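Novice: Have a peek at input31.tsv (TSV, C-alpha atoms).
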```tsv
chain	number	residue	atom	x	y	z
A	1	MET	CA	0.00	0.00	0.00
A	2	ASN	CA	1.27	3.46	-0.81
A	3	SER	CA	0.62	6.10	1.79
A	4	TYR	CA	-2.74	7.74	1.51
A	5	VAL	CA	-4.52	10.50	3.35
A	6	ILE	CA	-8.06	10.61	4.67
A	7	GLU	CA	-9.42	14.02	5.60
A	8	ASN	CA	-11.98	14.37	8.42
A	9	PHE	CA	-11.28	10.83	9.63
A	10	LEU	CA	-13.46	11.43	12.71
A	11	THR	CA	-16.40	13.66	13.51
A	12	GLU	CA	-15.56	17.15	14.76
A	13	GLU	CA	-16.80	16.17	18.23
A	14	GLN	CA	-14.50	13.11	18.30
A	15	GLU	CA	-11.57	15.20	17.05
A	16	GLN	CA	-12.11	17.76	19.81
A	17	LYS	CA	-12.36	15.10	22.53
A	18	ILE	CA	-8.98	13.65	21.52
A	19	HIS	CA	-7.45	17.13	21.28
A	20	ASN	CA	-8.78	18.05	24.74
A	21	LEU	CA	-7.55	14.74	26.18
A	22	THR	CA	-3.97	15.33	25.04
A	23	LEU	CA	-3.90	18.85	26.47
A	24	ASP	CA	-5.47	17.88	29.79
A	25	PRO	CA	-3.01	18.53	32.67
A	26	ASN	CA	-3.68	14.98	33.94
A	27	PHE	CA	-2.62	13.38	30.64
A	28	SER	CA	0.91	12.11	31.31
A	29	TRP	CA	3.69	12.90	28.84
A	30	PHE	CA	7.07	11.20	29.17
A	31	TYR	CA	10.31	12.74	27.98
A	32	THR	CA	12.35	10.74	25.46
A	33	PRO	CA	15.81	11.95	24.42
A	34	GLY	CA	15.03	11.49	20.71
A	35	THR	CA	12.23	10.80	18.28
A	36	ILE	CA	13.97	7.52	17.49
A	37	VAL	CA	15.48	5.22	20.06
A	38	GLU	CA	17.45	2.19	18.93
A	39	ILE	CA	15.32	-0.43	20.68
A	40	ILE	CA	11.53	-0.39	21.10
A	41	GLU	CA	9.79	-3.18	23.02
A	42	GLY	CA	12.89	-5.35	22.75
A	43	LYS	CA	13.18	-5.00	18.95
A	44	GLN	CA	16.01	-3.29	17.10
A	45	VAL	CA	14.60	-0.26	15.27
A	46	LYS	CA	15.31	-0.04	11.55
A	47	ALA	CA	16.42	3.57	11.16
A	48	VAL	CA	18.99	5.67	9.37
A	49	PHE	CA	21.04	7.51	11.99
A	50	ASP	CA	23.24	9.54	9.65
A	51	VAL	CA	20.47	11.48	7.84
A	52	GLY	CA	18.27	14.03	9.59
A	53	ILE	CA	18.21	15.00	13.26
A	54	ASN	CA	16.92	13.32	16.43
A	55	PRO	CA	15.41	15.94	18.76
A	56	TYR	CA	13.69	15.12	22.04
A	57	GLN	CA	9.97	14.57	22.20
A	58	PHE	CA	7.31	13.64	24.72
A	59	VAL	CA	5.47	10.33	24.41
A	60	HIS	CA	2.33	8.93	25.94
A	61	PRO	CA	2.23	5.14	25.46
A	62	VAL	CA	-1.28	3.70	25.30
A	63	ASN	CA	-1.91	0.49	27.21
A	64	LEU	CA	-5.20	-0.57	25.65
A	65	SER	CA	-5.94	-3.19	28.33
A	66	GLN	CA	-5.85	-0.56	31.11
A	67	CYS	CA	-6.78	2.58	29.20
A	68	LYS	CA	-8.95	4.95	31.25
A	69	TYR	CA	-9.87	6.99	28.17
A	70	ILE	CA	-10.61	4.19	25.71
A	71	GLU	CA	-14.00	5.72	24.88
A	72	THR	CA	-12.20	8.82	23.63
A	73	ILE	CA	-9.70	7.07	21.34
A	74	ALA	CA	-11.81	4.04	20.32
A	75	PRO	CA	-13.34	5.91	17.36
A	76	VAL	CA	-9.88	5.93	15.72
A	77	MET	CA	-9.57	2.15	15.99
A	78	ASN	CA	-13.18	1.62	14.93
A	79	GLN	CA	-12.77	3.83	11.88
A	80	LEU	CA	-9.57	1.99	10.91
A	81	SER	CA	-11.59	-1.26	10.92
A	82	VAL	CA	-14.22	0.38	8.73
A	83	GLU	CA	-11.61	1.80	6.37
A	84	PHE	CA	-9.90	-1.58	5.90
A	85	GLN	CA	-13.11	-3.61	6.09
A	86	SER	CA	-11.43	-5.87	8.64
A	87	ASN	CA	-11.02	-6.22	12.36
A	88	ILE	CA	-7.57	-5.07	13.44
A	89	ARG	CA	-5.01	-6.14	16.01
A	90	ILE	CA	-3.18	-3.22	17.59
A	91	LEU	CA	0.54	-3.91	17.91
A	92	ARG	CA	1.48	-0.52	19.35
A	93	CYS	CA	-0.29	2.76	20.05
A	94	LYS	CA	1.14	5.99	21.41
A	95	PHE	CA	0.80	9.74	21.28
A	96	ASN	CA	3.81	11.86	20.29
A	97	PHE	CA	4.21	15.51	21.29
A	98	LEU	CA	6.87	17.53	19.48
A	99	PRO	CA	7.41	21.07	20.81
A	100	LYS	CA	8.37	24.03	18.66
A	101	ASN	CA	11.96	23.89	17.45
A	102	SER	CA	13.99	26.28	15.29
A	103	ASP	CA	15.48	23.46	13.17
A	104	ASN	CA	13.16	22.45	10.32
A	105	THR	CA	15.25	19.43	9.25
A	106	TYR	CA	13.33	16.16	9.14
A	107	HIS	CA	14.07	13.61	11.84
A	108	TYR	CA	15.77	10.23	11.42
A	109	PRO	CA	14.05	8.17	8.70
A	110	HIS	CA	12.79	4.89	10.15
A	111	VAL	CA	10.28	2.10	9.72
A	112	ASP	CA	7.70	1.29	12.40
A	113	ASP	CA	7.78	-2.46	11.75
A	114	SER	CA	9.75	-4.38	9.14
A	115	GLU	CA	7.27	-7.26	8.75
A	116	GLN	CA	4.87	-7.57	5.83
A	117	ASN	CA	1.14	-6.80	6.26
A	118	VAL	CA	1.71	-4.41	9.15
A	119	TYR	CA	0.35	-0.89	8.79
A	120	THR	CA	0.86	2.48	10.44
A	121	ALA	CA	-1.86	5.04	11.05
A	122	ILE	CA	-0.82	8.57	11.97
A	123	TYR	CA	-3.74	10.63	13.22
A	124	TYR	CA	-3.04	14.36	13.49
A	125	VAL	CA	-4.48	15.74	16.72
A	126	ASN	CA	-3.86	19.40	15.87
A	127	ASP	CA	-3.11	21.74	12.98
A	128	SER	CA	0.58	22.54	12.83
A	129	ASP	CA	3.63	22.66	10.66
A	130	GLY	CA	6.09	19.83	11.21
A	131	ASP	CA	5.40	17.66	8.20
A	132	THR	CA	5.65	13.89	7.96
A	133	TYR	CA	8.18	12.87	5.30
A	134	PHE	CA	8.16	9.71	3.19
A	135	PHE	CA	11.25	8.26	1.49
A	136	ASP	CA	12.11	5.76	-1.22
A	137	GLU	CA	14.69	2.99	-0.72
A	138	ASP	CA	17.51	5.44	-1.54
A	139	LEU	CA	16.20	7.87	1.11
A	140	ASN	CA	15.01	10.46	-1.39
A	141	VAL	CA	11.98	12.36	-0.14
A	142	THR	CA	8.96	11.20	-2.14
A	143	ASN	CA	6.12	12.93	-0.32
A	144	THR	CA	5.30	15.15	2.63
A	145	ILE	CA	2.08	15.41	4.62
A	146	THR	CA	1.28	18.51	6.66
A	147	PRO	CA	-0.46	17.93	10.00
A	148	LYS	CA	-4.10	18.98	9.97
A	149	LYS	CA	-6.48	18.27	12.82
A	150	GLY	CA	-8.59	15.22	11.93
A	151	ARG	CA	-6.34	14.07	9.08
A	152	MET	CA	-5.22	10.44	8.97
A	153	VAL	CA	-2.33	9.09	6.94
A	154	LEU	CA	-2.06	5.32	6.40
A	155	PHE	CA	0.91	3.38	5.02
A	156	ASP	CA	2.86	0.13	5.20
A	157	SER	CA	4.84	0.09	8.44
A	158	ASN	CA	7.96	-1.03	6.56
A	159	LYS	CA	8.06	2.24	4.59
A	160	PHE	CA	10.76	4.74	5.60
A	161	HIS	CA	9.24	7.93	7.01
A	162	SER	CA	10.02	10.61	9.56
A	163	SER	CA	8.46	13.40	11.51
A	164	SER	CA	9.71	16.97	11.74
A	165	SER	CA	9.35	19.51	14.51
A	166	PRO	CA	7.10	22.53	14.11
A	167	ILE	CA	8.92	25.81	13.71
A	168	ASN	CA	5.85	28.08	13.68
A	169	SER	CA	3.27	26.16	15.72
A	170	GLU	CA	3.81	25.70	19.44
A	171	TYR	CA	3.46	21.92	19.22
A	172	ARG	CA	2.62	18.94	16.99
A	173	ILE	CA	0.64	16.03	18.44
A	174	VAL	CA	-0.04	12.76	16.65
A	175	MET	CA	-1.59	9.45	17.60
A	176	ASN	CA	0.59	6.71	16.10
A	177	THR	CA	-0.98	3.26	15.77
A	178	VAL	CA	0.75	0.20	14.32
A	179	PHE	CA	-1.63	-2.64	13.50
A	180	LYS	CA	-2.35	-5.79	11.53
A	181	LEU	CA	-5.54	-6.71	9.72
A	182	LEU	CA	-7.05	-9.86	11.20
A	183	SER	CA	-8.22	-10.80	7.70
A	184	GLU	CA	-4.53	-11.04	6.64
A	185	GLU	CA	-3.36	-13.14	9.59
A	186	THR	CA	-2.96	-16.85	8.97
```
Could you take the file, read its structure, and then write that structure out as C-alpha cells?
Specialist:
Amino acid sequence: MNSYVIENFLTEEQEQKIHNLTLDPNFSWFYTPGTIVEIIEGKQVKAVFDVGINPYQFVHPVNLSQCKYIETIAPVMNQLSVEFQSNIRILRCKFNFLPKNSDNTYHYPHVDDSEQNVYTAIYYVNDSDGDTYFFDEDLNVTNTITPKKGRMVLFDSNKFHSSSSPINSEYRIVMNTVFKLLSEET
C-alpha cells in the first residue's frame, strides 16, 4: 500500500475530545531523548542515523488493556476497521508531542515495523507545521504530509518515514498506531 490521506477521519466532536484529552493537565507525557530510540519493546529499530536529526519529544504510550480513556480514542480504531473492512489487532499505540523547534530538518528516517502486512496510522491531533516525510529505498523524499487536525495518513509500516518539529506552531501532536488486519493473519 502506498501512503494515503483521509481528511476528516473522525467527527468534529471526536476530534475535539482527543485534542482536549492530550492537552489535559492529567494526561501524562514522558520525555524521550530522541524521536527515534534504537530499541523499542525489545526489537532493534530499523532507522537511518546519519540522515536528519533526532530531537527530544514527549510520548504517551497507550496500554489498551488498562486505558482509562478508551472511549475517547476508540473511534480511531473503529474507523480503521471500517476503512480496511477488517477487524484489526493493535501492535502498538502511542501519542507523540513535538514542541516548537527552530530546526526544520526532518528527523531520522525509520520504519515502524519491518514485517509484511503491518500498517501504520498517523492521526493528526492538531493543525501545525512539522510535516511527515516519506522516502524511497535510496532515502530520497517522495512525499510530505502537513499535520491537519482530523487528518489520517495510512501506510505500510515497513516504509521509511520521519516526523519533523514545528517551527511556527507551538506543538505537533499525533496518535501513532501500528496494526495488523485480522483478515490477513494466517
Novice: If you count all atoms listed in the file, which residues fall within 9 Å of Leu64 (chain A), apart from same-chain ones fewer than 4 positions away, as a PDB file with C-alpha atoms, keeping the file's coordinate frame?
Specialist:
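Output saved as around22.pdb:
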```
ATOM      1  CA  LYS A  68      -8.950   4.950  31.250  1.00  0.00           C
ATOM      2  CA  ILE A  70     -10.610   4.190  25.710  1.00  0.00           C
ATOM      3  CA  ILE A  90      -3.180  -3.220  17.590  1.00  0.00           C
ATOM      4  CA  CYS A  93      -0.290   2.760  20.050  1.00  0.00           C
TER       5      CYS A  93
END
```
Novice: So how far away is CA of Thr35 (chain A) from CA of Asn8 (chain A), in Å?
Specialist: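 It comes out at 26.4 Å.
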Novice: Nearest residue to Ser65 (chain A) out of A:Tyr106, A:Arg92, A:Asn101, A:Glu185, using only C-alpha atoms?
Specialist: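 Residue with the minimum atom-to-atom distance to Ser65 (chain A): A:Arg92.
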Novice: Nearest to Ile88 (chain A): which of A:Thr120, A:Val59, A:Glu115, A:Met152 is it, counting only C-alpha atoms?
Specialist: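 Closest to Ile88 (chain A) of all the choices is A:Thr120.
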Novice: At most 7 Å from (4.5, 22.0, 16.1), file frame, all atoms listed in the file: which residues, as a ChimeraX atom specification?
Specialist: /A:98-100,128-130,165-172
Novice: Which of these residues is nearest to Leu182 (chain A), using only C-alpha atoms: A:Ser163, A:Ser81, A:Thr144, A:Thr132?
Specialist: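 That would be A:Ser81, the residue with the smallest distance to Leu182 (chain A).
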Novice: Given the choices A:Glu184, A:Asp131, A:Asp103, A:Glu71, which gets closest to Ile53 (chain A) if the distance is worked out from all atoms listed in the file?
Specialist: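 Of A:Glu184, A:Asp131, A:Asp103, A:Glu71, the one nearest Ile53 (chain A) is A:Asp103, counting all atoms listed in the file.
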Novice: Show me the residues around (10.6, 10.8, 5.9) - criterion: an atom at most 10 Å away, only C-alpha atoms counted - as a PyMOL selection string.
Specialist: chain A and resi 52+106-111+131-136+139-145+159-164
Novice: Measure the distance from CA of Lys180 (chain A) to CA of Asn117 (chain A) in Å and round it to one decimal.
Specialist: 6.4 Å
Novice: With distances taken over all atoms listed in the file, which of A:Thr72, A:Asn104, A:Asn96, A:Gln79 is nearest to Ser28 (chain A)?
Specialist: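 Closest to Ser28 (chain A), using all atoms listed in the file: A:Asn96.
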Novice: Looking at A:Ile36, A:Leu181, A:Ile173, A:Ala121, which one is nearest to Ser157 (chain A), with distances taken over all atoms listed in the file?
Specialist: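 With all atoms listed in the file as the atom set, the closest residue is A:Ala121.
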Novice: Which neighbours of Gly34 (chain A) fall inside 7 Å, counting all atoms listed in the file, when residues of the same chain fewer than 4 positions from it are skipped, and could you give them as a list in words?
Specialist: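 What passes the distance filter is Asn54, Pro55, Tyr56 and Gln57 of chain A.
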Novice: For CA of Tyr4 (chain A) and CA of Asn63 (chain A), quote the distance in Å rounded to one decimal.
Specialist: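 Separating CA of Tyr4 (chain A) from CA of Asn63 (chain A) is a distance of 26.7 Å.
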Novice: Would you kindly return, as a PyMOL selection string, each protein, DNA or RNA residue with an atom no farther than 9 Å from any atom of Leu91 (chain A), considering all atoms listed in the file and excluding same-chain residues fewer than 6 positions away?
Specialist: chain A and resi 118+177-180
